[in-house]
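Structure data follow from protein-v3.txt (compact mmCIF, C-alpha atoms):
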```txt
# COMPACT_ATOMS: atom_id res chain seq x y z
CA MET J 1 0.00 0.00 0.00
CA GLN J 2 1.43 3.31 -0.97
CA GLN J 3 2.07 5.52 2.03
CA GLU J 4 0.91 8.72 0.35
CA VAL J 5 -2.47 7.20 -0.40
CA VAL J 6 -3.09 6.44 3.27
CA LEU J 7 -1.80 9.86 4.26
CA ALA J 8 -4.13 11.52 1.77
CA MET J 9 -7.14 9.65 3.08
CA LEU J 10 -6.20 10.88 6.51
CA ALA J 11 -5.85 14.48 5.42
CA LYS J 12 -9.58 15.16 5.61
CA GLU J 13 -9.78 14.59 9.38
CA PRO J 14 -8.30 12.41 12.13
CA SER J 15 -9.66 8.92 11.58
CA HIS J 16 -9.74 5.31 12.70
CA GLY J 17 -8.08 2.71 10.50
CA TYR J 18 -11.44 1.22 9.53
CA GLN J 19 -12.68 4.63 8.41
CA LEU J 20 -9.67 5.00 6.13
CA ARG J 21 -10.36 1.60 4.68
CA ALA J 22 -14.01 2.48 4.04
CA ARG J 23 -12.96 5.70 2.29
CA LEU J 24 -10.54 3.83 0.07
CA GLN J 25 -13.10 1.18 -0.78
CA GLU J 26 -15.61 3.80 -1.74
CA ALA J 27 -13.11 5.62 -3.94
CA LEU J 28 -11.72 2.52 -5.63
CA GLY J 29 -14.77 0.27 -6.00
CA PRO J 30 -14.05 -3.26 -7.14
CA ALA J 31 -10.48 -2.25 -8.04
CA GLY J 32 -9.86 -1.97 -4.29
CA ASP J 33 -11.30 -5.39 -3.41
CA ALA J 34 -7.92 -7.05 -3.00
CA MET J 35 -6.88 -4.51 -0.41
CA ASN J 36 -7.05 -5.94 3.11
CA ALA J 37 -7.37 -4.20 6.42
CA GLY J 38 -3.97 -5.44 7.57
CA GLN J 39 -2.18 -3.45 4.87
CA ILE J 40 -3.65 -0.21 6.15
CA TYR J 41 -2.59 -0.88 9.73
CA VAL J 42 0.90 -1.90 8.65
CA THR J 43 1.18 1.29 6.60
CA LEU J 44 -0.16 3.41 9.47
CA SER J 45 2.43 2.05 11.89
CA ARG J 46 5.21 2.71 9.37
CA LEU J 47 3.95 6.24 8.89
CA GLU J 48 3.89 6.73 12.63
CA LYS J 49 7.49 5.57 12.95
CA ALA J 50 8.43 7.97 10.16
CA GLY J 51 6.85 10.84 12.11
CA LEU J 52 4.18 11.55 9.51
CA VAL J 53 1.24 10.35 11.59
CA THR J 54 0.37 10.46 15.28
CA SER J 55 -2.10 8.26 17.01
CA GLU J 56 -4.14 8.67 20.12
CA GLN J 57 -6.07 6.11 22.12
CA THR J 58 -9.76 6.90 22.45
CA ALA J 59 -12.69 5.31 24.14
CA GLY J 60 -13.86 4.01 20.79
CA LEU J 61 -17.14 2.26 20.19
CA PRO J 62 -18.25 -0.90 21.96
CA ASP J 63 -18.33 -2.94 18.74
CA ARG J 64 -15.00 -1.64 17.46
CA PRO J 65 -11.81 -3.03 18.92
CA ASP J 66 -9.89 -0.32 17.08
CA ARG J 67 -9.46 2.54 19.49
CA LYS J 68 -6.70 4.45 17.82
CA VAL J 69 -7.43 7.71 16.07
CA HIS J 70 -4.75 8.65 13.58
CA ALA J 71 -3.92 12.18 12.51
CA LEU J 72 -1.37 13.82 10.24
CA THR J 73 1.66 15.56 11.71
CA ALA J 74 2.89 18.77 10.08
CA ALA J 75 5.40 16.66 8.16
CA GLY J 76 2.59 14.35 7.05
CA GLN J 77 0.55 17.29 5.88
CA GLN J 78 3.56 18.54 3.93
CA ARG J 79 4.00 15.13 2.31
CA VAL J 80 0.35 15.05 1.17
CA THR J 81 0.61 18.53 -0.30
CA SER J 82 3.68 17.70 -2.35
CA TRP J 83 2.22 14.35 -3.42
CA ILE J 84 -0.88 16.11 -4.76
CA ALA J 85 1.26 18.61 -6.68
CA ASP J 86 3.55 15.98 -8.17
CA VAL J 87 2.94 15.24 -11.85
CA SER J 88 6.18 13.47 -12.63
CA TRP J 89 6.63 10.60 -15.04
CA PRO J 90 6.45 7.63 -15.09
CA GLY J 91 3.12 9.04 -14.06
CA PRO J 92 1.02 7.89 -11.20
CA GLY J 93 -0.96 4.74 -11.82
CA LEU J 94 -4.61 5.27 -12.60
CA ALA J 95 -5.73 4.54 -9.04
CA GLU J 96 -3.12 6.83 -7.54
CA PHE J 97 -4.06 9.73 -9.77
CA HIS J 98 -7.74 9.10 -9.11
CA LEU J 99 -7.15 9.14 -5.35
CA LYS J 100 -5.11 12.29 -5.75
CA LEU J 101 -8.10 14.09 -7.25
CA ILE J 102 -10.38 12.83 -4.48
CA ALA J 103 -7.87 13.74 -1.78
CA ALA J 104 -7.41 17.20 -3.29
CA ALA J 105 -11.16 17.79 -3.26
CA THR J 106 -11.85 16.45 0.24
CA THR J 107 -8.89 18.21 1.84
CA ARG J 108 -9.44 21.35 -0.26
CA LEU J 109 -5.69 21.47 -0.78
CA ALA J 110 -6.08 21.87 -4.54
CA ASP J 111 -8.70 22.07 -7.26
CA PRO J 112 -8.90 18.69 -9.02
CA LEU J 113 -9.25 20.54 -12.34
CA ALA J 114 -5.94 22.31 -11.71
CA ILE J 115 -4.29 18.93 -11.08
CA ILE J 116 -5.82 17.59 -14.29
CA ASP J 117 -4.49 20.61 -16.21
CA ALA J 118 -1.02 20.18 -14.72
CA GLN J 119 -0.97 16.49 -15.58
CA ARG J 120 -2.17 17.24 -19.11
CA ARG J 121 0.62 19.78 -19.61
CA GLU J 122 3.18 17.18 -18.59
CA LEU J 123 1.71 14.48 -20.80
CA LEU J 124 1.48 16.81 -23.80
CA ARG J 125 5.10 17.87 -23.40
CA ARG J 126 6.09 14.22 -23.43
CA LEU J 127 3.79 13.49 -26.33
CA ARG J 128 5.43 16.31 -28.25
CA ASP J 129 8.92 14.92 -27.57
CA VAL J 130 8.02 11.35 -28.42
CA GLN J 131 6.09 12.34 -31.52
CA ARG J 132 9.02 14.35 -32.82
CA ALA J 133 11.34 11.45 -32.11
CA ALA J 134 8.92 9.10 -33.90
CA MET J 135 8.70 11.32 -36.97
CA ALA J 136 12.48 11.46 -37.18
CA GLU J 137 12.68 7.67 -37.51
CA PRO J 138 12.17 5.96 -40.86
CA GLU J 139 8.53 4.95 -41.30
CA GLY J 140 7.94 1.30 -40.48
CA SER J 141 11.24 0.91 -38.60
CA ASP J 142 11.48 -0.98 -35.30
CA ALA J 143 12.37 2.24 -33.51
CA ALA J 144 9.32 4.01 -34.92
CA LEU J 145 7.08 1.14 -33.83
CA LEU J 146 8.18 1.35 -30.19
CA LEU J 147 7.79 5.14 -30.17
CA GLU J 148 4.31 4.76 -31.67
CA GLY J 149 3.44 2.52 -28.72
CA ILE J 150 4.49 5.26 -26.31
CA VAL J 151 2.44 7.80 -28.28
CA LEU J 152 -0.66 5.60 -28.06
CA ARG J 153 -0.25 5.11 -24.30
CA LEU J 154 0.16 8.83 -23.73
CA GLN J 155 -2.94 9.44 -25.84
CA ALA J 156 -4.91 6.94 -23.77
CA ASP J 157 -3.85 8.74 -20.59
CA LEU J 158 -4.84 12.08 -22.11
CA ARG J 159 -8.28 10.72 -23.02
CA TRP J 160 -8.78 9.55 -19.48
CA LEU J 161 -7.84 13.04 -18.27
CA GLU J 162 -10.59 14.42 -20.51
CA THR J 163 -13.05 12.07 -18.85
CA CYS J 164 -11.82 13.13 -15.41
CA GLU J 165 -12.21 16.76 -16.45
CA ARG J 166 -15.80 16.24 -17.56
CA ASN J 167 -16.65 14.39 -14.37
CA TRP J 168 -15.05 16.87 -11.97
CA THR J 169 -16.28 19.99 -13.76
CA GLY J 170 -19.82 19.66 -12.45
CA ARG J 171 -19.18 18.10 -9.06
CA LYS J 172 -20.40 19.76 -5.92
CA ASP J 173 -17.60 18.37 -3.76
CA ARG J 174 -15.06 20.40 -5.74
CA PRO J 175 -13.45 23.17 -3.68
CA MET Q 176 10.98 29.42 -33.50
CA SER Q 177 8.59 31.84 -31.93
CA ASP Q 178 9.83 34.88 -30.17
CA MET Q 179 7.90 36.22 -27.21
CA ASP Q 180 9.06 39.76 -27.85
CA SER Q 181 8.24 39.96 -31.53
CA THR Q 182 5.17 41.85 -32.65
CA PRO Q 183 2.21 39.48 -32.77
CA ILE Q 184 0.96 38.64 -36.24
CA LEU Q 185 -2.44 37.97 -34.74
CA ARG Q 186 -3.76 39.84 -31.75
CA ALA Q 187 -7.11 39.96 -30.01
CA ARG Q 188 -8.22 42.12 -27.10
CA GLY Q 189 -11.39 41.78 -25.05
CA LEU Q 190 -12.84 39.49 -27.66
CA ARG Q 191 -16.41 38.45 -26.99
CA LYS Q 192 -19.17 36.64 -28.83
CA GLU Q 193 -22.66 36.47 -27.39
CA TYR Q 194 -25.72 34.60 -28.51
CA GLY Q 195 -29.27 35.09 -27.28
CA ARG Q 196 -30.28 37.70 -24.74
CA ASP Q 197 -31.39 38.30 -21.17
CA ALA Q 198 -31.67 35.01 -19.26
CA GLY Q 199 -30.84 33.09 -22.44
CA LEU Q 200 -27.60 35.01 -23.01
CA VAL Q 201 -24.65 32.75 -23.80
CA ARG Q 202 -21.12 34.06 -24.01
CA ALA Q 203 -19.47 31.59 -26.37
CA VAL Q 204 -16.27 33.64 -26.20
CA ASP Q 205 -15.96 35.72 -23.08
CA ASP Q 206 -13.41 38.52 -22.92
CA VAL Q 207 -10.43 36.78 -24.46
CA ASP Q 208 -6.99 38.32 -25.06
CA LEU Q 209 -4.66 36.58 -27.47
CA ASP Q 210 -1.25 37.18 -29.04
CA VAL Q 211 0.18 34.86 -31.67
CA ALA Q 212 3.80 35.42 -32.64
CA PRO Q 213 4.94 35.10 -36.26
CA GLY Q 214 5.91 31.51 -36.99
CA GLU Q 215 4.28 30.22 -33.85
CA THR Q 216 2.07 27.14 -33.75
CA LEU Q 217 -0.65 27.62 -31.17
CA ALA Q 218 -3.14 24.94 -30.16
CA VAL Q 219 -6.41 25.69 -28.40
CA MET Q 220 -7.95 22.73 -26.62
CA GLY Q 221 -11.12 22.31 -24.65
CA PRO Q 222 -14.27 20.24 -24.32
CA SER Q 223 -16.87 20.59 -27.05
CA GLY Q 224 -18.96 23.69 -26.56
CA CYS Q 225 -16.13 25.57 -24.82
CA GLY Q 226 -16.10 28.22 -27.56
CA LYS Q 227 -12.90 27.25 -29.35
CA SER Q 228 -14.46 26.97 -32.81
CA THR Q 229 -16.30 30.26 -32.33
CA LEU Q 230 -12.99 31.85 -31.36
CA LEU Q 231 -11.37 30.59 -34.55
CA HIS Q 232 -14.26 31.91 -36.66
CA LEU Q 233 -13.89 35.33 -35.06
CA LEU Q 234 -10.14 35.38 -35.64
CA GLY Q 235 -10.57 34.44 -39.28
CA GLY Q 236 -13.34 36.94 -39.96
CA LEU Q 237 -15.95 34.23 -40.62
CA ASP Q 238 -18.01 35.69 -37.82
CA ARG Q 239 -18.24 39.11 -36.19
CA PRO Q 240 -17.39 39.62 -32.52
CA SER Q 241 -19.98 41.14 -30.16
CA ALA Q 242 -17.16 43.14 -28.62
CA GLY Q 243 -13.40 43.42 -28.72
CA GLU Q 244 -10.69 44.06 -31.26
CA ILE Q 245 -8.71 41.90 -33.68
CA TRP Q 246 -5.52 42.81 -35.49
CA LEU Q 247 -4.08 40.66 -38.24
CA ALA Q 248 -0.61 41.49 -39.56
CA GLY Q 249 -0.84 44.93 -37.96
CA ARG Q 250 -4.25 45.77 -39.38
CA ARG Q 251 -7.44 46.10 -37.39
CA VAL Q 252 -9.91 43.70 -38.99
CA ASP Q 253 -12.94 43.40 -36.70
CA ARG Q 254 -14.57 46.55 -38.07
CA LEU Q 255 -13.90 45.94 -41.76
CA ALA Q 256 -16.83 46.32 -44.13
CA GLU Q 257 -18.16 43.09 -45.60
CA ARG Q 258 -16.23 43.33 -48.87
CA ALA Q 259 -12.95 44.21 -47.22
CA LEU Q 260 -13.47 41.40 -44.73
CA ALA Q 261 -14.04 38.89 -47.55
CA ARG Q 262 -10.87 40.17 -49.17
CA MET Q 263 -8.95 39.75 -45.92
CA ARG Q 264 -10.20 36.16 -45.51
CA CYS Q 265 -9.04 35.34 -49.01
CA ASP Q 266 -5.65 37.06 -48.91
CA ALA Q 267 -4.43 36.83 -45.36
CA VAL Q 268 -6.04 33.75 -43.81
CA GLY Q 269 -5.89 30.08 -44.76
CA PHE Q 270 -8.67 27.91 -43.39
CA VAL Q 271 -8.56 24.18 -42.77
CA PHE Q 272 -11.81 22.57 -41.64
CA GLN Q 273 -12.68 19.22 -40.14
CA ALA Q 274 -14.93 18.35 -43.10
CA PHE Q 275 -12.38 19.60 -45.71
CA HIS Q 276 -14.94 21.85 -47.51
CA LEU Q 277 -13.55 21.14 -50.96
CA MET Q 278 -15.61 21.85 -54.05
CA ASP Q 279 -16.78 18.42 -55.19
CA GLU Q 280 -17.03 19.33 -58.86
CA LEU Q 281 -13.49 20.73 -59.06
CA THR Q 282 -10.31 18.67 -59.34
CA ALA Q 283 -7.64 18.81 -56.66
CA VAL Q 284 -5.56 21.36 -58.52
CA GLU Q 285 -8.62 23.47 -59.35
CA ASN Q 286 -9.57 23.54 -55.68
CA VAL Q 287 -6.09 24.67 -54.72
CA GLU Q 288 -5.82 27.39 -57.36
CA LEU Q 289 -9.24 28.86 -56.63
CA PRO Q 290 -8.14 31.25 -53.84
CA ALA Q 291 -5.21 32.40 -55.99
CA LEU Q 292 -7.58 33.18 -58.86
CA LEU Q 293 -9.93 35.03 -56.52
CA ALA Q 294 -6.97 37.05 -55.29
CA GLY Q 295 -6.37 38.18 -58.88
CA ARG Q 296 -3.53 35.99 -60.07
CA SER Q 297 -3.44 34.98 -63.71
CA PRO Q 298 -4.77 31.50 -64.52
CA ARG Q 299 -1.32 30.37 -65.59
CA GLU Q 300 0.34 31.64 -62.43
CA ALA Q 301 -2.41 30.22 -60.21
CA ARG Q 302 -2.06 26.80 -61.84
CA ARG Q 303 1.71 26.80 -61.45
CA LEU Q 304 1.36 27.75 -57.81
CA ALA Q 305 -1.33 25.14 -57.13
CA ALA Q 306 0.72 22.38 -58.78
CA GLY Q 307 3.68 23.33 -56.59
CA LEU Q 308 1.55 23.25 -53.45
CA LEU Q 309 0.14 19.83 -54.34
CA ASP Q 310 3.71 18.60 -54.70
CA ARG Q 311 4.48 20.04 -51.33
CA VAL Q 312 1.66 18.06 -49.67
CA GLY Q 313 2.72 14.91 -51.52
CA LEU Q 314 -0.18 14.85 -53.99
CA GLY Q 315 1.46 16.04 -57.19
CA ASP Q 316 0.27 12.88 -58.92
CA ARG Q 317 -3.36 13.43 -57.87
CA ALA Q 318 -3.79 16.91 -59.33
CA THR Q 319 -6.55 15.93 -61.76
CA PHE Q 320 -8.51 13.79 -59.31
CA LEU Q 321 -11.91 14.87 -58.06
CA PRO Q 322 -12.25 14.94 -54.25
CA ALA Q 323 -14.56 11.91 -54.41
CA ALA Q 324 -11.66 9.87 -55.79
CA LEU Q 325 -9.38 10.83 -52.89
CA SER Q 326 -9.15 9.39 -49.38
CA GLY Q 327 -10.06 11.53 -46.37
CA GLY Q 328 -6.41 12.16 -45.60
CA GLN Q 329 -5.68 13.16 -49.19
CA ARG Q 330 -8.66 15.52 -49.22
CA GLN Q 331 -7.41 17.20 -46.09
CA ARG Q 332 -3.95 17.59 -47.64
CA VAL Q 333 -5.57 19.22 -50.68
CA ALA Q 334 -7.44 21.52 -48.28
CA ILE Q 335 -4.16 22.42 -46.58
CA ALA Q 336 -2.55 23.15 -49.95
CA ARG Q 337 -5.53 25.39 -50.75
CA ALA Q 338 -5.14 27.17 -47.42
CA LEU Q 339 -1.56 28.06 -48.42
CA ALA Q 340 -2.43 29.35 -51.89
CA ASN Q 341 -2.16 33.06 -51.04
CA GLU Q 342 0.72 32.74 -48.59
CA PRO Q 343 -1.55 33.66 -45.69
CA ALA Q 344 -0.31 35.49 -42.61
CA VAL Q 345 -1.95 32.77 -40.56
CA VAL Q 346 -3.46 29.34 -41.14
CA LEU Q 347 -6.47 28.62 -38.95
CA ALA Q 348 -7.35 24.94 -38.56
CA ASP Q 349 -10.56 23.71 -36.94
CA GLU Q 350 -10.27 20.05 -35.86
CA PRO Q 351 -8.13 19.26 -38.92
CA THR Q 352 -7.77 15.59 -37.94
CA GLY Q 353 -11.32 15.14 -36.64
CA ASN Q 354 -12.44 13.04 -39.59
CA LEU Q 355 -9.19 11.14 -40.17
CA ASP Q 356 -7.87 7.72 -39.20
CA SER Q 357 -4.52 7.46 -37.46
CA ALA Q 358 -2.41 7.00 -40.63
CA ALA Q 359 -3.99 10.05 -42.26
CA THR Q 360 -3.63 11.96 -39.00
CA LEU Q 361 0.08 11.23 -39.10
CA ASP Q 362 0.31 12.67 -42.64
CA VAL Q 363 -1.37 15.88 -41.48
CA LEU Q 364 0.93 16.00 -38.45
CA ARG Q 365 3.99 15.75 -40.66
CA LEU Q 366 2.62 18.43 -42.93
CA PHE Q 367 1.98 20.81 -40.04
CA GLU Q 368 5.49 20.14 -38.77
CA ASP Q 369 6.82 21.07 -42.21
CA LEU Q 370 4.76 24.26 -42.24
CA HIS Q 371 6.01 25.09 -38.78
CA THR Q 372 9.61 24.58 -39.87
CA ALA Q 373 8.95 26.81 -42.88
CA GLY Q 374 7.84 29.58 -40.52
CA GLN Q 375 4.10 29.46 -41.17
CA THR Q 376 1.98 30.81 -38.32
CA LEU Q 377 -0.65 28.25 -37.31
CA VAL Q 378 -3.59 28.31 -34.94
CA ILE Q 379 -5.14 24.89 -34.41
CA VAL Q 380 -8.35 24.30 -32.51
CA THR Q 381 -8.67 20.66 -31.56
CA HIS Q 382 -9.39 18.03 -29.01
CA ASP Q 383 -6.94 15.63 -30.66
CA SER Q 384 -4.01 15.53 -28.25
CA ARG Q 385 -1.71 14.37 -31.03
CA ILE Q 386 -2.12 17.45 -33.14
CA ALA Q 387 -2.13 19.68 -30.07
CA ALA Q 388 1.25 18.23 -29.14
CA THR Q 389 2.79 19.65 -32.31
CA ALA Q 390 2.22 23.16 -30.97
CA ASP Q 391 4.71 25.51 -29.34
CA ARG Q 392 2.06 26.76 -26.99
CA LEU Q 393 -1.19 25.34 -25.73
CA ILE Q 394 -4.21 27.19 -24.43
CA SER Q 395 -6.98 25.38 -22.58
CA MET Q 396 -10.42 26.85 -22.96
CA ARG Q 397 -13.51 26.31 -20.84
CA ASP Q 398 -16.83 28.16 -20.90
CA GLY Q 399 -15.56 30.75 -23.37
CA THR Q 400 -12.45 31.75 -21.44
CA PHE Q 401 -8.79 30.73 -21.33
CA ILE Q 402 -8.17 28.83 -18.14
CA ASP Q 403 -4.67 27.59 -18.72
CA GLU Q 404 -1.77 28.40 -20.97
CA THR Q 405 1.45 26.52 -21.31
CA ARG Q 406 4.54 26.33 -23.43
CA LEU Q 407 5.19 22.84 -24.75
CA THR Q 408 8.67 23.73 -25.94
CA GLY Q 409 11.72 23.89 -23.75
CA GLY Q 410 9.99 22.21 -20.82
CA THR Q 411 11.12 19.14 -18.98
CA ARG Q 412 12.08 16.74 -21.70
CA GLY Q 413 10.48 13.35 -21.27
CA ASN Q 414 13.11 10.69 -20.91
CA LEU Q 415 12.41 8.29 -23.75
CA ALA Q 416 13.93 5.35 -21.88
CA ASP Q 417 11.60 5.93 -18.93
CA LEU Q 418 8.64 6.37 -21.22
CA ALA Q 419 9.46 3.11 -22.99
CA GLY Q 420 9.64 1.28 -19.67
CA LEU Q 421 13.44 0.94 -19.65
CA GLY Q 422 13.93 3.28 -16.71
CA GLY Q 423 15.76 1.68 -13.79
```

Mind converting the file's structure to structure tokens?
Amino acid sequence: MQQEVVLAMLAKEPSHGYQLRARLQEALGPAGDAMNAGQIYVTLSRLEKAGLVTSEQTAGLPDRPDRKVHALTAAGQQRVTSWIADVSWPGPGLAEFHLKLIAAATTRLADPLAIIDAQRRELLRRLRDVQRAAMAEPEGSDAALLLEGIVLRLQADLRWLETCERNWTGRKDRP
Amino acid sequence: MSDMDSTPILRARGLRKEYGRDAGLVRAVDDVDLDVAPGETLAVMGPSGCGKSTLLHLLGGLDRPSAGEIWLAGRRVDRLAERALARMRCDAVGFVFQAFHLMDELTAVENVELPALLAGRSPREARRLAAGLLDRVGLGDRATFLPAALSGGQRQRVAIARALANEPAVVLADEPTGNLDSAATLDVLRLFEDLHTAGQTLVIVTHDSRIAATADRLISMRDGTFIDETRLTGGTRGNLADLAGLGG
């Protein structure tokens, strides 16, 4: 489990582990089915050791053995902010980018549309580079074929960004 | 290469286009400022209905703005009388449309020479020019073909040759690859790259990321306004090895 993802889910408010898991399951749908509760607790304890998360014992609920409430430290907050702003390549996986948009909206740290624009800029710059490289190769060459594959992948990512843009444009939970 | 400091060849200030009125008022283009440098390729992207096609029509004098000013090659064009505007469209602007807009009953070379004839060139000169342009777009051997006998990609290349007939100050392209398959798209891409290298100023309105990626500069449009602008040149170069999955 990626640490930033757990941190981002925590950025909205101090939470129990099971609440984080429920948030992730809601955001990921069936793609998150394989994720088990243990992974979240393991990640939380690592984050705590790294000084990014604090935990506090609470009375909890009678039917919940989990009595720890986790919260971000200042360093944790900082990590979430830079994770949301990062649009480097090899880009985030689909789920990571998706969670980034959700985290940005729920924490109000950034406008998901601004993240989409930033990601699009990066992908288009790469597309421009790869396309130029592809056009410089002889048509039908092995080199051109590989570059064409990269072009098609970048295009697929850009199309998904368009879909994200359409979806987030009208949403009420956007900051 | 575009130069930020050079005088823009195309400039718009406070450009606006409204449809309807009162509660039904729609601002298709809403207070837009734009500078295009000579030799620059600019792409405008945005979801359908964002106003990008309307913007292009205003810039090319196909439609009149509700407010604002447009200068093309140093000349104010938004207030031109109808005849002068038609003249400007013919002499100074080359249009490329998604649906090609060729004359079906004219051959390829006749389509290409038409704007040159309208601009007052002699038939012989117009023909020579058109034949040269067809060569340039790789269709020298299709000069006598009717559009119906050409593929979509070939028709668009004829349309691009036609757009160049009067050595326009700017070529305006509206979804030029919208009706093309990927092989034909690639031909148009190569052609636009050639034009760019030759110093032709190009404004492309598109939602095809491939053609947008040929631009020097990209503007994102939403609800009639520019919401994002970025230079695609000189940025962080993508590492091809990483992109190909060879990164360690």

Point to revise | chain Q contacts to chain J at 10 Å (only C-alpha atoms) as number ranges by chain | key: Q: 221-222, 361, 364-365, 368, 382-391, 393, 395, 397, 402-415, 417-420, 422

**Study point:** Pick from Q:Leu277, Q:Ala212, Q:Leu339, Q:Leu309, whichever lies nearest to Pro322 in chain Q using only C-alpha atoms
**Key:** Q:Leu277

Exercise for review: State, in Å with one decimal place, the distance from CA of Glu215 in chain Q to CA of Ala248 in chain Q.
Suggested key: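 Here the two named atoms are 13.5 Å from each other.
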
Pick out the residues sitting within 10 Å of Asp205 in chain Q, and hand them over as an mmCIF file with C-alpha atoms, in the frame of the given file; count all atoms listed in the file, and ignore anything fewer than 6 positions along from it in its own chain.
```
data_model
loop_
_atom_site.group_PDB
_atom_site.id
_atom_site.type_symbol
_atom_site.label_atom_id
_atom_site.label_comp_id
_atom_site.auth_asym_id
_atom_site.auth_seq_id
_atom_site.Cartn_x
_atom_site.Cartn_y
_atom_site.Cartn_z
ATOM 1 C CA GLY Q 189 -11.390 41.780 -25.050
ATOM 2 C CA LEU Q 190 -12.840 39.490 -27.660
ATOM 3 C CA ARG Q 191 -16.410 38.450 -26.990
ATOM 4 C CA LYS Q 192 -19.170 36.640 -28.830
ATOM 5 C CA GLU Q 193 -22.660 36.470 -27.390
ATOM 6 C CA GLY Q 226 -16.100 28.220 -27.560
ATOM 7 C CA LEU Q 230 -12.990 31.850 -31.360
ATOM 8 C CA SER Q 241 -19.980 41.140 -30.160
ATOM 9 C CA ALA Q 242 -17.160 43.140 -28.620
ATOM 10 C CA GLY Q 243 -13.400 43.420 -28.720
ATOM 11 C CA ARG Q 397 -13.510 26.310 -20.840
ATOM 12 C CA ASP Q 398 -16.830 28.160 -20.900
ATOM 13 C CA GLY Q 399 -15.560 30.750 -23.370
ATOM 14 C CA THR Q 400 -12.450 31.750 -21.440
ATOM 15 C CA PHE Q 401 -8.790 30.730 -21.330
#
```

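CA of Leu113 in chain J is positioned 29.2 Å from CA of Ala34 in chain J.
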